[in-house]
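Worksheet: one structure, shown below.
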Amino acid sequence: MTALSQDRNTSQLVGTILSLGVAAATLIYSGSIVMRNATGYATKGATALGLTGVGIANHRVDNSDGAAGDLNIDVAQGVFKVANSAAADAITIADIGKPCYAVDDQTVAKTNGLTVGAPTRSAAGIIVGIELLRHRSRGARRKRR
């Protein structure tokens, strides 16, 4: 295909929901980061290699006693607010547009957890923004509408 030479109406998928088979011996909580393992089954976000970020769980699925694919989970794709890592791994405004890496099923970090020359984390997605805390007098916080 050649480069564009005029404007183009590009389709966008919004609110995509995937239905995925859940990995064996896995409990995924509603609202948690969902990833695919090396065999393609859904698992919860974790510090591990060989996983691929998929989205956020729409409901809880307990496949703790089941085989891979015995149960399915609906996973929402899009932009979500998840927990930020801490210290040197905390995501900042300078990291927008870069990959983020799963720490657990609700937390992402800015690095792949490089330890002794080897990474320990899989990519969970791309950083599209960061919530900055703004304090009012006496430490009160205000929700934005």
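Following the order of the structure tokens, chains are lettered A, B, ..., residues in each are numbered from 1, and ligands are numbered from 1.
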
**Asked** as a ChimeraX atom specification, which residues of region 75-136 of chain A does DSSP assign to strand (DSSP E or B)?
**Response** /A:75-76,83-84,99-102,107-109,115,118,123-126

Quick one: write out the picked residues with C-alpha atoms as a PDB file, in the first residue's frame?
```
ATOM      1  CA  VAL A  75     -12.138  -8.080  28.729  1.00  0.00           C
ATOM      2  CA  ALA A  76     -12.621  -4.395  27.910  1.00  0.00           C
ATOM      3  CA  ALA A  83      -2.237   2.052  40.028  1.00  0.00           C
ATOM      4  CA  ASN A  84       1.187   3.585  39.451  1.00  0.00           C
ATOM      5  CA  PRO A  99       5.201   1.166  27.182  1.00  0.00           C
ATOM      6  CA  CYS A 100       4.230   0.350  30.762  1.00  0.00           C
ATOM      7  CA  TYR A 101       4.898  -3.003  32.405  1.00  0.00           C
ATOM      8  CA  ALA A 102       2.704  -5.135  34.673  1.00  0.00           C
ATOM      9  CA  THR A 107      -0.261  -1.842  39.079  1.00  0.00           C
ATOM     10  CA  VAL A 108       2.010  -0.807  36.202  1.00  0.00           C
ATOM     11  CA  ALA A 109       5.594   0.469  36.171  1.00  0.00           C
ATOM     12  CA  THR A 115      17.363  -7.405  37.254  1.00  0.00           C
ATOM     13  CA  ALA A 118      17.420  -9.708  32.502  1.00  0.00           C
ATOM     14  CA  ALA A 123       4.391  -5.003  28.645  1.00  0.00           C
ATOM     15  CA  ALA A 124       0.858  -4.205  29.782  1.00  0.00           C
ATOM     16  CA  GLY A 125       0.137  -1.322  27.394  1.00  0.00           C
ATOM     17  CA  ILE A 126       1.053   2.221  26.384  1.00  0.00           C
TER      18      ILE A 126
END
```

**Request:** Write out as a PyMOL selection string the residues lying within 6 Å of region 52-61 of chain A, counting only C-alpha atoms and excluding same-chain residues fewer than 4 positions away.
**Result:** chain A and resi 27-36+74-77+124-125

**Request:** Tell me which of A:Ala23, A:Leu51, A:Ala87, A:Ala42 sits closest to Arg121 (chain A), counting only C-alpha atoms.
**Result:**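 Going through A:Ala23, A:Leu51, A:Ala87, A:Ala42 one by one, the smallest distance to Arg121 (chain A) is for A:Leu51.
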
What parts of chain A does DSSP call helix (DSSP H, G or I)? I'd like the answer as a PDB file with N, CA, C and O atoms, in the first residue's frame.
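Final output, states.pdb:
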```
ATOM      1  N   ALA A  87       8.646   4.835  43.661  1.00  0.00           N
ATOM      2  CA  ALA A  87      10.079   5.141  43.642  1.00  0.00           C
ATOM      3  C   ALA A  87      10.586   5.305  42.211  1.00  0.00           C
ATOM      4  O   ALA A  87       9.973   5.994  41.406  1.00  0.00           O
ATOM      5  N   ALA A  88      11.684   4.662  41.879  1.00  0.00           N
ATOM      6  CA  ALA A  88      12.308   4.827  40.554  1.00  0.00           C
ATOM      7  C   ALA A  88      11.455   4.261  39.429  1.00  0.00           C
ATOM      8  O   ALA A  88      11.668   4.601  38.271  1.00  0.00           O
ATOM      9  N   ASP A  89      10.487   3.415  39.748  1.00  0.00           N
ATOM     10  CA  ASP A  89       9.622   2.815  38.731  1.00  0.00           C
ATOM     11  C   ASP A  89       8.298   3.544  38.547  1.00  0.00           C
ATOM     12  O   ASP A  89       7.457   3.115  37.769  1.00  0.00           O
ATOM     13  N   ILE A  93       4.987  12.164  33.810  1.00  0.00           N
ATOM     14  CA  ILE A  93       4.519  12.778  32.568  1.00  0.00           C
ATOM     15  C   ILE A  93       5.521  12.566  31.428  1.00  0.00           C
ATOM     16  O   ILE A  93       5.146  12.491  30.267  1.00  0.00           O
ATOM     17  N   ALA A  94       6.800  12.418  31.750  1.00  0.00           N
ATOM     18  CA  ALA A  94       7.832  12.193  30.737  1.00  0.00           C
ATOM     19  C   ALA A  94       7.705  10.821  30.073  1.00  0.00           C
ATOM     20  O   ALA A  94       8.299  10.576  29.024  1.00  0.00           O
ATOM     21  N   ASP A  95       6.913   9.922  30.659  1.00  0.00           N
ATOM     22  CA  ASP A  95       6.768   8.561  30.137  1.00  0.00           C
ATOM     23  C   ASP A  95       5.572   8.382  29.204  1.00  0.00           C
ATOM     24  O   ASP A  95       5.375   7.296  28.651  1.00  0.00           O
ATOM     25  N   SER A 137      -5.561  23.910  50.252  1.00  0.00           N
ATOM     26  CA  SER A 137      -5.124  24.232  51.608  1.00  0.00           C
ATOM     27  C   SER A 137      -5.624  23.187  52.595  1.00  0.00           C
ATOM     28  O   SER A 137      -6.672  22.580  52.401  1.00  0.00           O
ATOM     29  N   ARG A 138      -4.885  22.950  53.638  1.00  0.00           N
ATOM     30  CA  ARG A 138      -5.149  21.959  54.681  1.00  0.00           C
ATOM     31  C   ARG A 138      -5.189  20.533  54.134  1.00  0.00           C
ATOM     32  O   ARG A 138      -5.782  19.651  54.734  1.00  0.00           O
ATOM     33  N   GLY A 139      -4.600  20.298  52.979  1.00  0.00           N
ATOM     34  CA  GLY A 139      -4.453  18.938  52.457  1.00  0.00           C
ATOM     35  C   GLY A 139      -5.706  18.312  51.875  1.00  0.00           C
ATOM     36  O   GLY A 139      -5.695  17.154  51.533  1.00  0.00           O
TER      37      GLY A 139
END
```

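Taking only C-alpha atoms into account, Thr111 (chain A) lies nearest to A:Ala90 out of the set A:Ala24, A:Ile96, A:Ala90, A:Ile130.
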
**Item:** Gap from CA of Pro119 (chain A) to CA of Thr43 (chain A) - Å, one decimal
**Value:**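 According to the coordinates, CA of Pro119 (chain A) and CA of Thr43 (chain A) are separated by 19.4 Å.
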
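Taking CA of Lys110 (chain A) and CA of Thr47 (chain A) as the two end points, the separation is 12.8 Å.
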
**Prompt:** Any idea what's packed within 10 Å of Gly21 (chain A), counting only C-alpha atoms, ignoring anything in its chain fewer than 6 positions away? Could you give it as a list of chain:residue names?
**Reply:**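 Result of the neighbour search: A:Arg36, A:Gly40, A:Tyr41, A:Ala42, A:Thr43, A:Asn63, A:Ala67, A:Ala68, A:Gly69, A:Asp70, A:Leu71, A:Asn72, A:Ile73, A:Asp74.
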
Output C-alpha atoms for every residue in the selection just made, as a PDB file, in the first residue's frame.
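out-v4.pdb, freshly written:
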```pdb
ATOM      1  CA  ARG A  36      -2.601 -13.365  27.640  1.00  0.00           C
ATOM      2  CA  GLY A  40      -3.152 -17.431  24.453  1.00  0.00           C
ATOM      3  CA  TYR A  41      -5.279 -17.850  27.582  1.00  0.00           C
ATOM      4  CA  ALA A  42      -6.286 -14.963  29.839  1.00  0.00           C
ATOM      5  CA  THR A  43      -4.451 -14.540  33.110  1.00  0.00           C
ATOM      6  CA  ASN A  63     -11.083 -20.938  37.142  1.00  0.00           C
ATOM      7  CA  ALA A  67      -8.444 -26.475  32.930  1.00  0.00           C
ATOM      8  CA  ALA A  68      -7.371 -23.824  30.421  1.00  0.00           C
ATOM      9  CA  GLY A  69     -10.410 -22.596  28.501  1.00  0.00           C
ATOM     10  CA  ASP A  70     -13.037 -24.132  30.817  1.00  0.00           C
ATOM     11  CA  LEU A  71     -14.321 -20.618  31.578  1.00  0.00           C
ATOM     12  CA  ASN A  72     -14.353 -17.372  29.584  1.00  0.00           C
ATOM     13  CA  ILE A  73     -13.849 -13.779  30.673  1.00  0.00           C
ATOM     14  CA  ASP A  74     -15.005 -10.565  29.000  1.00  0.00           C
TER      15      ASP A  74
END
```

**Prompt:** What separation in Å, quoted to one decimal, exists between CA of Ser11 (chain A) and CA of Gly78 (chain A)?
**Reply:**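 So the answer is 15.2 Å.
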
**Message:** Considering only C-alpha atoms, can you say which of A:Asn37, A:Lys81, A:Thr26, A:Gly50 comes closest to Ser64 (chain A)?
**Reply:**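 Looking at the shortest contact to Ser64 (chain A), the residue is A:Thr26.
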
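If you measure from each of A:Ile17, A:Val82, A:Ala48, A:Asn9 to Gly129 (chain A) using only C-alpha atoms, the closest one turns out to be A:Val82.
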